[in-house]
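Dumped model22.tsv below, it's TSV, C-alpha atoms and all ligand atoms:
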```
chain	number	residue	atom	x	y	z
A	1	MET	CA	-177.14	51.10	41.96
A	2	ALA	CA	-180.29	51.06	39.82
A	3	TYR	CA	-183.56	50.59	41.67
A	4	GLU	CA	-186.99	49.92	40.21
A	5	LEU	CA	-190.21	49.38	42.14
A	6	ARG	CA	-191.96	47.21	39.61
A	7	GLU	CA	-195.60	46.19	39.56
A	8	LEU	CA	-195.80	42.45	39.06
A	9	ALA	CA	-195.93	41.77	35.35
A	10	SER	CA	-194.65	38.24	34.74
A	11	PRO	CA	-194.83	34.81	36.39
A	12	ASP	CA	-191.21	35.37	37.46
A	13	ASP	CA	-192.22	38.57	39.29
A	14	TRP	CA	-195.02	36.71	41.11
A	15	GLU	CA	-192.60	33.95	42.04
A	16	ALA	CA	-190.07	36.47	43.36
A	17	MET	CA	-192.75	38.12	45.52
A	18	HIS	CA	-193.83	34.76	46.99
A	19	ARG	CA	-190.23	33.66	47.54
A	20	ILE	CA	-189.28	36.85	49.42
A	21	ARG	CA	-192.45	36.79	51.53
A	22	LEU	CA	-191.83	33.15	52.46
A	23	GLN	CA	-188.21	33.86	53.31
A	24	VAL	CA	-188.89	36.98	55.39
A	25	LEU	CA	-192.51	37.25	56.51
A	26	PHE	CA	-194.27	33.88	56.47
A	27	THR	CA	-191.61	31.97	58.37
A	28	ALA	CA	-192.35	29.25	60.92
A	29	GLU	CA	-191.13	31.61	63.67
A	30	ARG	CA	-193.42	34.46	62.68
A	31	HIS	CA	-196.45	32.37	61.71
A	32	PRO	CA	-196.29	28.89	63.20
A	33	GLY	CA	-198.53	26.47	61.33
A	34	LEU	CA	-199.59	28.92	58.62
A	35	VAL	CA	-199.95	27.49	55.12
A	36	TYR	CA	-199.04	30.25	52.67
A	37	ASP	CA	-201.63	30.74	49.91
A	38	ARG	CA	-200.07	31.64	46.54
A	39	ALA	CA	-203.50	32.55	45.19
A	40	HIS	CA	-204.83	34.56	48.11
A	41	PRO	CA	-207.90	36.65	47.16
A	42	HIS	CA	-206.25	39.81	48.54
A	43	ASP	CA	-203.35	39.32	46.11
A	44	ILE	CA	-205.57	38.40	43.17
A	45	GLU	CA	-207.71	41.55	43.73
A	46	PRO	CA	-206.77	43.77	40.75
A	47	ALA	CA	-207.07	47.02	42.76
A	48	HIS	CA	-204.29	45.80	45.07
A	49	SER	CA	-200.94	46.73	43.52
A	50	LYS	CA	-198.21	44.15	44.07
A	51	PHE	CA	-194.54	45.11	43.69
A	52	VAL	CA	-191.05	43.74	43.61
A	53	LEU	CA	-188.14	46.04	44.39
A	54	MET	CA	-185.48	45.39	41.76
A	55	LEU	CA	-181.83	46.28	42.39
A	56	ASP	CA	-179.61	46.08	39.32
A	57	GLY	CA	-182.13	43.71	37.74
A	58	ALA	CA	-182.53	41.34	40.71
A	59	PRO	CA	-185.56	41.18	43.03
A	60	ILE	CA	-184.58	42.13	46.59
A	61	GLY	CA	-187.85	43.26	48.18
A	62	THR	CA	-191.59	43.31	47.92
A	63	THR	CA	-194.74	45.10	49.10
A	64	ARG	CA	-198.41	45.58	48.25
A	65	LEU	CA	-200.55	48.74	48.21
A	66	ASP	CA	-204.32	48.46	48.77
A	67	PRO	CA	-206.35	51.62	48.02
A	68	ARG	CA	-208.40	52.98	50.93
A	69	ASP	CA	-210.28	56.28	51.26
A	70	GLU	CA	-207.94	59.11	50.11
A	71	GLY	CA	-204.86	56.91	50.33
A	72	GLY	CA	-203.63	53.35	50.60
A	73	ILE	CA	-202.70	50.57	53.00
A	74	VAL	CA	-199.14	49.31	52.70
A	75	ARG	CA	-198.98	45.55	53.21
A	76	LEU	CA	-196.33	42.85	53.44
A	77	VAL	CA	-193.13	44.89	53.25
A	78	ALA	CA	-189.96	42.80	53.09
A	79	ILE	CA	-186.31	43.07	52.07
A	80	VAL	CA	-184.34	39.84	51.60
A	81	PRO	CA	-182.47	38.95	54.82
A	82	HIS	CA	-178.88	39.38	53.65
A	83	LEU	CA	-179.62	42.91	52.32
A	84	GLN	CA	-181.53	44.31	55.29
A	85	ARG	CA	-180.19	47.38	57.14
A	86	GLN	CA	-178.41	48.68	54.04
A	87	GLY	CA	-180.90	51.36	53.04
A	88	HIS	CA	-182.96	49.34	50.57
A	89	GLY	CA	-186.13	49.39	52.69
A	90	SER	CA	-185.97	53.20	52.80
A	91	VAL	CA	-185.71	53.28	49.01
A	92	LEU	CA	-188.69	50.92	48.69
A	93	GLU	CA	-190.75	53.22	50.93
A	94	ALA	CA	-189.76	56.33	48.95
A	95	LEU	CA	-190.55	54.73	45.59
A	96	LEU	CA	-193.89	53.48	46.90
A	97	ILE	CA	-194.74	57.02	48.04
A	98	ASP	CA	-193.88	58.32	44.54
A	99	TYR	CA	-196.24	55.70	43.08
A	100	ALA	CA	-199.01	56.57	45.56
A	101	ARG	CA	-198.67	60.34	45.03
A	102	ALA	CA	-198.82	59.88	41.27
A	103	ARG	CA	-202.22	58.24	41.80
A	104	GLY	CA	-203.50	61.10	43.93
A	105	MET	CA	-203.11	59.39	47.28
A	106	LYS	CA	-202.69	61.70	50.27
A	107	ARG	CA	-201.99	59.29	53.14
A	108	LEU	CA	-200.69	55.79	53.79
A	109	TRP	CA	-201.47	53.36	56.60
A	110	LEU	CA	-199.91	50.11	57.71
A	111	ASN	CA	-199.73	47.48	60.42
A	112	ALA	CA	-196.11	47.49	61.58
A	113	ALA	CA	-194.55	44.40	63.09
A	114	ARG	CA	-193.32	45.49	66.52
A	115	ASP	CA	-189.68	45.06	65.56
A	116	ALA	CA	-190.17	47.23	62.47
A	117	VAL	CA	-191.70	50.22	64.29
A	118	GLY	CA	-188.29	51.89	64.66
A	119	PHE	CA	-187.73	51.64	60.91
A	120	TYR	CA	-191.02	53.39	60.13
A	121	GLU	CA	-190.49	56.04	62.82
A	122	LYS	CA	-187.18	56.96	61.16
A	123	LEU	CA	-189.10	57.50	57.93
A	124	GLY	CA	-191.63	59.83	59.55
A	125	TRP	CA	-194.49	57.44	60.26
A	126	SER	CA	-196.42	57.81	63.53
A	127	ALA	CA	-198.56	55.46	65.57
A	128	GLU	CA	-202.32	55.85	65.09
A	129	VAL	CA	-205.12	53.34	65.34
A	130	TRP	CA	-206.82	53.33	61.93
A	131	ASP	CA	-208.74	50.04	61.94
A	132	GLU	CA	-209.78	48.45	65.24
A	133	GLN	CA	-211.00	45.34	63.47
A	134	GLU	CA	-207.61	44.52	61.96
A	135	LEU	CA	-205.98	45.12	65.34
A	136	LEU	CA	-208.34	42.59	66.92
A	137	THR	CA	-207.67	39.94	64.27
A	138	PHE	CA	-204.68	39.29	62.02
A	139	ALA	CA	-202.80	42.45	63.08
A	140	ARG	CA	-203.14	41.83	66.82
A	141	ASP	CA	-199.36	41.85	67.36
A	142	CYS	CA	-198.81	44.97	65.25
A	143	VAL	CA	-198.67	48.72	65.80
A	144	GLN	CA	-200.90	50.67	63.43
A	145	MET	CA	-199.09	53.61	61.83
A	146	THR	CA	-199.78	56.32	59.29
A	147	LYS	CA	-197.95	58.91	57.19
A	148	PRO	CA	-199.28	61.86	55.19
A	149	ILE	CA	-197.66	61.96	51.75
B	201	LIG	C1	-188.19	46.37	58.05
B	201	LIG	C2	-187.43	46.35	56.72
B	201	LIG	C3	-188.39	46.39	55.55
B	201	LIG	C4	-186.54	47.60	56.69
B	201	LIG	O1	-185.77	47.57	55.50
B	201	LIG	P1	-184.19	47.79	55.60
B	201	LIG	O2	-183.65	47.78	54.23
B	201	LIG	O3	-183.65	46.77	56.54
B	201	LIG	O4	-184.13	49.22	56.27
B	201	LIG	P2	-183.10	50.43	55.99
B	201	LIG	O5	-181.73	49.85	55.89
B	201	LIG	O6	-183.59	51.24	54.84
B	201	LIG	O7	-183.25	51.22	57.34
B	201	LIG	C5	-183.56	52.60	57.41
B	201	LIG	C6	-183.30	53.06	58.82
B	201	LIG	O8	-184.15	52.32	59.71
B	201	LIG	C7	-183.37	51.59	60.62
B	201	LIG	N1	-183.99	50.29	60.80
B	201	LIG	C8	-184.11	49.33	59.88
B	201	LIG	N2	-184.76	48.29	60.39
B	201	LIG	C9	-185.04	48.64	61.68
B	201	LIG	C10	-185.71	48.00	62.74
B	201	LIG	N3	-186.21	46.76	62.60
B	201	LIG	N4	-185.81	48.64	63.92
B	201	LIG	C11	-185.29	49.88	64.08
B	201	LIG	N5	-184.68	50.55	63.11
B	201	LIG	C12	-184.55	49.93	61.92
B	201	LIG	C13	-181.99	51.46	60.01
B	201	LIG	O9	-181.01	51.29	60.97
B	201	LIG	C14	-181.88	52.75	59.27
B	201	LIG	O10	-181.51	53.78	60.16
B	201	LIG	P3	-180.33	54.82	59.81
B	201	LIG	O11	-180.87	55.60	58.64
B	201	LIG	O12	-180.17	55.61	61.04
B	201	LIG	O13	-179.17	53.97	59.46
B	201	LIG	C15	-186.52	45.11	56.59
B	201	LIG	O14	-185.54	45.12	57.60
B	201	LIG	C16	-187.28	43.80	56.68
B	201	LIG	O15	-187.68	43.25	55.65
B	201	LIG	N6	-187.46	43.28	57.91
B	201	LIG	C17	-188.12	42.02	58.13
B	201	LIG	C18	-189.58	42.06	57.73
B	201	LIG	C19	-190.35	43.17	58.39
B	201	LIG	O16	-190.26	43.43	59.58
B	201	LIG	N7	-191.16	43.83	57.57
B	201	LIG	C20	-192.01	44.89	58.00
B	201	LIG	C21	-193.31	44.32	58.36
B	201	LIG	S1	-194.41	45.62	58.82
```

Once more with this new file: its structure as structure tokens, please.
Ligand SMILES: CC(C)(COP(=O)(O)OP(=O)(O)OC[C@H]1O[C@@H](n2cnc3c(N)ncnc32)[C@H](O)[C@@H]1OP(=O)(O)O)[C@@H](O)C(=O)NCCC(=O)NCCS
Amino acid sequence: MAYELRELASPDDWEAMHRIRLQVLFTAERHPGLVYDRAHPHDIEPAHSKFVLMLDGAPIGTTRLDPRDEGGIVRLVAIVPHLQRQGHGSVLEALLIDYARARGMKRLWLNAARDAVGFYEKLGWSAEVWDEQELLTFARDCVQMTKPI
């Protein structure tokens, strides 16, 4: 199996990221009533690195990395439904850490959906409040976690 964590480079990559997010993260169950914005300012921001995880040439996952202090905030992690629980999310996390280390980052943070906390704990993340404001707003149902890299 050949993996590549690819920074978005083409319209097809952008489309794959949106498609996977809509399929996995921005569903009616998770976000009732939300209208997904394909041109959200946080995605357009050039400092925010957007990725698709490619497996044998096909997009199967996505995430974004937003620089912060001496590290970065991992956002919007998703693996396509029919390939979850087969190790691909762990590969995505490892490749993202390689990318972050190569840019001098020392620590990562994220808002974990409650049902994803077990996944991150297995990968060595621990719970820690790192931004009260996010916890009070869009991340109110999440557990804030961090990992030194
Ligand atoms: C969470 C997610 C990214 C994990 O990716 P994945 O490919 O399914 O995870 P992996 O197969 O690499 O799992 C690695 C380990 O974590 C465990 N794991 C995976 N998802 C888990 C979960 N939701 N809860 C507890 N453990 C989990 C696996 O069983 C595996 O353990 P093992 O090594 O003992 O077998 C993926 O399931 C997903 O997209 N979920 C829906 C969206 C989501 O919750 N995203 C995160 C938002 S913060």

Exercise. Smallest atom-to-atom distance to Thr62 in chain A: which of A:His31, A:Arg19, A:Arg107, A:Arg85, using all atoms listed in the file?
Worked result: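 Smallest separation from Thr62 in chain A among the options: A:Arg19.
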
For this session: Go through the chains and note each residue within 6 Å of ligand LIG 201 (chain B), using all atoms listed in the file, then give the set as a list in words.
Result: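 Listing the residues within 6 Å of ligand LIG 201 (chain B) gives Val24, Leu25, Leu76, Val77, Ala78, Ile79, Gln84, Arg85, Gln86, Gly87, His88, Gly89, Ser90, Asn111, Ala112, Ala113, Asp115, Ala116, Gly118, Phe119 and Lys122 of chain A.
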
Within 12 Å of range 68-73 of chain A, which residues of range 78-119 of chain A show up? Give each one with its shortest atom-to-atom distance in Å (one decimal) and the two atoms involved, counting only C-alpha atoms, rows by chain then rising residue number, as CSV.
```
residue,atom,partner,partner_atom,distance
A:Leu96,CA,A:Gly72,CA,10.4
A:Ile97,CA,A:Gly72,CA,10.0
A:Tyr99,CA,A:Gly72,CA,10.8
A:Ala100,CA,A:Gly71,CA,7.6
A:Arg101,CA,A:Gly71,CA,8.8
A:Ala102,CA,A:Gly71,CA,11.3
A:Arg103,CA,A:Gly71,CA,9.0
A:Gly104,CA,A:Gly71,CA,7.8
A:Met105,CA,A:Gly71,CA,4.3
A:Lys106,CA,A:Gly71,CA,5.3
A:Arg107,CA,A:Gly71,CA,4.7
A:Leu108,CA,A:Gly72,CA,5.0
A:Trp109,CA,A:Ile73,CA,4.7
A:Leu110,CA,A:Ile73,CA,5.5
A:Asn111,CA,A:Ile73,CA,8.6
A:Ala112,CA,A:Ile73,CA,11.2
```

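Taking CA of Phe51 in chain A and CA of Ser10 in chain A as the two end points, the separation is 11.3 Å.
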
Problem set entry | Shell of 7 Å around Ile20 in chain A, all atoms listed in the file, local chain residues under 4 positions omitted, as number ranges by chain | A: 16, 24, 61, 80

Show which residues sit within 12 Å of Asp12 in chain A, as a short mmCIF file (atom, residue, chain, number, x, y, z; two decimals) with C-alpha atoms, keeping the file's coordinate frame. Count only C-alpha atoms, and ignore same-chain residues fewer than 4 positions away.
```
data_model
loop_
_atom_site.label_atom_id
_atom_site.label_comp_id
_atom_site.auth_asym_id
_atom_site.auth_seq_id
_atom_site.Cartn_x
_atom_site.Cartn_y
_atom_site.Cartn_z
CA GLU A 7 -195.60 46.19 39.56
CA LEU A 8 -195.80 42.45 39.06
CA ALA A 16 -190.07 36.47 43.36
CA MET A 17 -192.75 38.12 45.52
CA HIS A 18 -193.83 34.76 46.99
CA ARG A 19 -190.23 33.66 47.54
CA VAL A 52 -191.05 43.74 43.61
CA ALA A 58 -182.53 41.34 40.71
CA PRO A 59 -185.56 41.18 43.03
#
```

For this session: Choose the residue, out of A:Leu22, A:Ile149, A:Cys142, A:Leu83, that has the smallest atom-to-atom separation from Val35 in chain A; count only C-alpha atoms.
Result: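 Answer, going by the shortest atom-to-atom distance: A:Leu22.
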
Exercise. So how far away is CA of Leu5 in chain A from CA of Asp56 in chain A, in Å?
Worked result: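 That distance, rounded to one decimal, is 11.5 Å.
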
Problem set entry | From A:Leu34, A:Met145, A:Thr137, A:Asp98, residue lying nearest Glu121 in chain A [all atoms listed in the file] | A:Met145

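CA of Ala28 in chain A is positioned 15.1 Å from CA of Pro81 in chain A.
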
Step by step: locate range 1-120 of chain A in the block above, keep C-alpha atoms, then write the file as a PDB file, in the first residue's frame.
```pdb
ATOM      1  CA  MET A   1       0.000   0.000   0.000  1.00  0.00           C
ATOM      2  CA  ALA A   2       1.416   3.388  -1.011  1.00  0.00           C
ATOM      3  CA  TYR A   3       0.393   6.334   1.144  1.00  0.00           C
ATOM      4  CA  GLU A   4       0.943  10.012   0.477  1.00  0.00           C
ATOM      5  CA  LEU A   5      -0.188  12.911   2.651  1.00  0.00           C
ATOM      6  CA  ARG A   6      -0.522  15.488  -0.067  1.00  0.00           C
ATOM      7  CA  GLU A   7      -0.979  19.221   0.330  1.00  0.00           C
ATOM      8  CA  LEU A   8      -3.860  20.320  -1.854  1.00  0.00           C
ATOM      9  CA  ALA A   9      -2.487  21.213  -5.259  1.00  0.00           C
ATOM     10  CA  SER A  10      -5.286  20.859  -7.800  1.00  0.00           C
ATOM     11  CA  PRO A  11      -9.033  21.511  -8.042  1.00  0.00           C
ATOM     12  CA  ASP A  12      -9.496  17.728  -7.798  1.00  0.00           C
ATOM     13  CA  ASP A  13      -7.637  17.699  -4.456  1.00  0.00           C
ATOM     14  CA  TRP A  14      -9.874  20.491  -3.124  1.00  0.00           C
ATOM     15  CA  GLU A  15     -12.951  18.624  -4.305  1.00  0.00           C
ATOM     16  CA  ALA A  16     -11.764  15.422  -2.627  1.00  0.00           C
ATOM     17  CA  MET A  17     -11.226  17.272   0.669  1.00  0.00           C
ATOM     18  CA  HIS A  18     -14.720  18.806   0.541  1.00  0.00           C
ATOM     19  CA  ARG A  19     -16.307  15.494  -0.453  1.00  0.00           C
ATOM     20  CA  ILE A  20     -14.689  13.567   2.425  1.00  0.00           C
ATOM     21  CA  ARG A  21     -15.515  16.277   4.973  1.00  0.00           C
ATOM     22  CA  LEU A  22     -19.148  16.335   3.827  1.00  0.00           C
ATOM     23  CA  GLN A  23     -19.363  12.556   3.960  1.00  0.00           C
ATOM     24  CA  VAL A  24     -17.742  12.175   7.388  1.00  0.00           C
ATOM     25  CA  LEU A  25     -17.726  15.416   9.380  1.00  0.00           C
ATOM     26  CA  PHE A  26     -20.373  17.854   8.157  1.00  0.00           C
ATOM     27  CA  THR A  27     -23.257  15.404   8.144  1.00  0.00           C
ATOM     28  CA  ALA A  28     -26.814  16.288   9.146  1.00  0.00           C
ATOM     29  CA  GLU A  29     -26.381  14.135  12.278  1.00  0.00           C
ATOM     30  CA  ARG A  30     -23.210  15.881  13.421  1.00  0.00           C
ATOM     31  CA  HIS A  31     -24.158  19.413  12.368  1.00  0.00           C
ATOM     32  CA  PRO A  32     -27.897  19.774  11.881  1.00  0.00           C
ATOM     33  CA  GLY A  33     -28.737  22.775   9.719  1.00  0.00           C
ATOM     34  CA  LEU A  34     -25.141  23.702   8.906  1.00  0.00           C
ATOM     35  CA  VAL A  35     -24.489  24.940   5.379  1.00  0.00           C
ATOM     36  CA  TYR A  36     -20.959  23.866   4.437  1.00  0.00           C
ATOM     37  CA  ASP A  37     -18.836  26.705   3.025  1.00  0.00           C
ATOM     38  CA  ARG A  38     -16.479  25.564   0.246  1.00  0.00           C
ATOM     39  CA  ALA A  39     -14.645  28.885   0.439  1.00  0.00           C
ATOM     40  CA  HIS A  40     -14.331  29.242   4.199  1.00  0.00           C
ATOM     41  CA  PRO A  41     -11.746  31.888   5.199  1.00  0.00           C
ATOM     42  CA  HIS A  42      -9.965  29.377   7.462  1.00  0.00           C
ATOM     43  CA  ASP A  43      -9.408  27.100   4.451  1.00  0.00           C
ATOM     44  CA  ILE A  44      -8.426  29.923   2.115  1.00  0.00           C
ATOM     45  CA  GLU A  45      -5.827  31.192   4.653  1.00  0.00           C
ATOM     46  CA  PRO A  46      -2.491  30.292   2.995  1.00  0.00           C
ATOM     47  CA  ALA A  47      -0.753  29.531   6.329  1.00  0.00           C
ATOM     48  CA  HIS A  48      -3.286  26.753   6.959  1.00  0.00           C
ATOM     49  CA  SER A  49      -2.037  23.584   5.259  1.00  0.00           C
ATOM     50  CA  LYS A  50      -4.796  21.431   3.771  1.00  0.00           C
ATOM     51  CA  PHE A  51      -4.165  17.756   2.986  1.00  0.00           C
ATOM     52  CA  VAL A  52      -5.641  14.715   1.360  1.00  0.00           C
ATOM     53  CA  LEU A  53      -4.401  11.280   2.388  1.00  0.00           C
ATOM     54  CA  MET A  54      -3.858   9.304  -0.804  1.00  0.00           C
ATOM     55  CA  LEU A  55      -3.810   5.494  -0.783  1.00  0.00           C
ATOM     56  CA  ASP A  56      -2.606   3.918  -4.011  1.00  0.00           C
ATOM     57  CA  GLY A  57      -3.530   7.123  -5.838  1.00  0.00           C
ATOM     58  CA  ALA A  58      -7.042   7.534  -4.402  1.00  0.00           C
ATOM     59  CA  PRO A  59      -8.075  10.102  -1.762  1.00  0.00           C
ATOM     60  CA  ILE A  60      -9.232   8.361   1.427  1.00  0.00           C
ATOM     61  CA  GLY A  61      -8.763  10.986   4.136  1.00  0.00           C
ATOM     62  CA  THR A  62      -8.201  14.619   4.902  1.00  0.00           C
ATOM     63  CA  THR A  63      -6.975  17.051   7.558  1.00  0.00           C
ATOM     64  CA  ARG A  64      -5.739  20.618   8.013  1.00  0.00           C
ATOM     65  CA  LEU A  65      -2.823  21.989  10.060  1.00  0.00           C
ATOM     66  CA  ASP A  66      -2.970  25.581  11.358  1.00  0.00           C
ATOM     67  CA  PRO A  67       0.312  26.957  12.773  1.00  0.00           C
ATOM     68  CA  ARG A  68       0.156  28.143  16.400  1.00  0.00           C
ATOM     69  CA  ASP A  69       2.976  29.170  18.752  1.00  0.00           C
ATOM     70  CA  GLU A  70       5.725  26.495  18.563  1.00  0.00           C
ATOM     71  CA  GLY A  71       3.428  23.978  16.891  1.00  0.00           C
ATOM     72  CA  GLY A  72       0.153  23.536  15.081  1.00  0.00           C
ATOM     73  CA  ILE A  73      -3.553  22.855  15.502  1.00  0.00           C
ATOM     74  CA  VAL A  74      -4.833  19.756  13.734  1.00  0.00           C
ATOM     75  CA  ARG A  75      -8.300  20.349  12.300  1.00  0.00           C
ATOM     76  CA  LEU A  76     -10.980  18.362  10.501  1.00  0.00           C
ATOM     77  CA  VAL A  77      -9.486  14.866  10.519  1.00  0.00           C
ATOM     78  CA  ALA A  78     -11.503  12.301   8.554  1.00  0.00           C
ATOM     79  CA  ILE A  79     -11.121   8.908   6.908  1.00  0.00           C
ATOM     80  CA  VAL A  80     -13.818   7.805   4.442  1.00  0.00           C
ATOM     81  CA  PRO A  81     -16.445   5.670   6.222  1.00  0.00           C
ATOM     82  CA  HIS A  82     -15.838   2.317   4.533  1.00  0.00           C
ATOM     83  CA  LEU A  83     -12.084   2.469   5.322  1.00  0.00           C
ATOM     84  CA  GLN A  84     -12.251   3.508   8.977  1.00  0.00           C
ATOM     85  CA  ARG A  85     -10.756   1.235  11.670  1.00  0.00           C
ATOM     86  CA  GLN A  86      -8.223  -0.252   9.258  1.00  0.00           C
ATOM     87  CA  GLY A  87      -5.175   1.716  10.356  1.00  0.00           C
ATOM     88  CA  HIS A  88      -5.376   4.557   7.837  1.00  0.00           C
ATOM     89  CA  GLY A  89      -6.113   7.242  10.444  1.00  0.00           C
ATOM     90  CA  SER A  90      -2.962   6.232  12.335  1.00  0.00           C
ATOM     91  CA  VAL A  91      -0.942   6.592   9.141  1.00  0.00           C
ATOM     92  CA  LEU A  92      -2.464  10.023   8.493  1.00  0.00           C
ATOM     93  CA  GLU A  93      -1.473  11.128  12.000  1.00  0.00           C
ATOM     94  CA  ALA A  94       2.091   9.816  11.602  1.00  0.00           C
ATOM     95  CA  LEU A  95       2.578  11.490   8.223  1.00  0.00           C
ATOM     96  CA  LEU A  96       1.177  14.757   9.559  1.00  0.00           C
ATOM     97  CA  ILE A  97       3.668  14.602  12.444  1.00  0.00           C
ATOM     98  CA  ASP A  98       6.502  14.074   9.932  1.00  0.00           C
ATOM     99  CA  TYR A  99       5.300  17.160   8.044  1.00  0.00           C
ATOM    100  CA  ALA A 100       5.025  19.218  11.242  1.00  0.00           C
ATOM    101  CA  ARG A 101       8.458  18.151  12.552  1.00  0.00           C
ATOM    102  CA  ALA A 102      10.042  19.016   9.215  1.00  0.00           C
ATOM    103  CA  ARG A 103       8.730  22.559   9.731  1.00  0.00           C
ATOM    104  CA  GLY A 104      10.181  22.810  13.229  1.00  0.00           C
ATOM    105  CA  MET A 105       6.942  22.250  15.101  1.00  0.00           C
ATOM    106  CA  LYS A 106       7.286  20.853  18.612  1.00  0.00           C
ATOM    107  CA  ARG A 107       3.680  20.233  19.670  1.00  0.00           C
ATOM    108  CA  LEU A 108       0.242  19.637  18.182  1.00  0.00           C
ATOM    109  CA  TRP A 109      -3.197  20.465  19.554  1.00  0.00           C
ATOM    110  CA  LEU A 110      -6.696  19.490  18.506  1.00  0.00           C
ATOM    111  CA  ASN A 111     -10.361  19.451  19.449  1.00  0.00           C
ATOM    112  CA  ALA A 112     -11.330  15.771  19.505  1.00  0.00           C
ATOM    113  CA  ALA A 113     -14.894  14.705  18.864  1.00  0.00           C
ATOM    114  CA  ARG A 114     -15.896  12.717  21.954  1.00  0.00           C
ATOM    115  CA  ASP A 115     -16.139   9.472  20.012  1.00  0.00           C
ATOM    116  CA  ALA A 116     -12.633   9.979  18.599  1.00  0.00           C
ATOM    117  CA  VAL A 117     -10.893  10.491  21.967  1.00  0.00           C
ATOM    118  CA  GLY A 118     -10.028   6.779  22.218  1.00  0.00           C
ATOM    119  CA  PHE A 119      -8.334   6.917  18.816  1.00  0.00           C
ATOM    120  CA  TYR A 120      -6.105   9.827  19.852  1.00  0.00           C
TER     121      TYR A 120
END
```
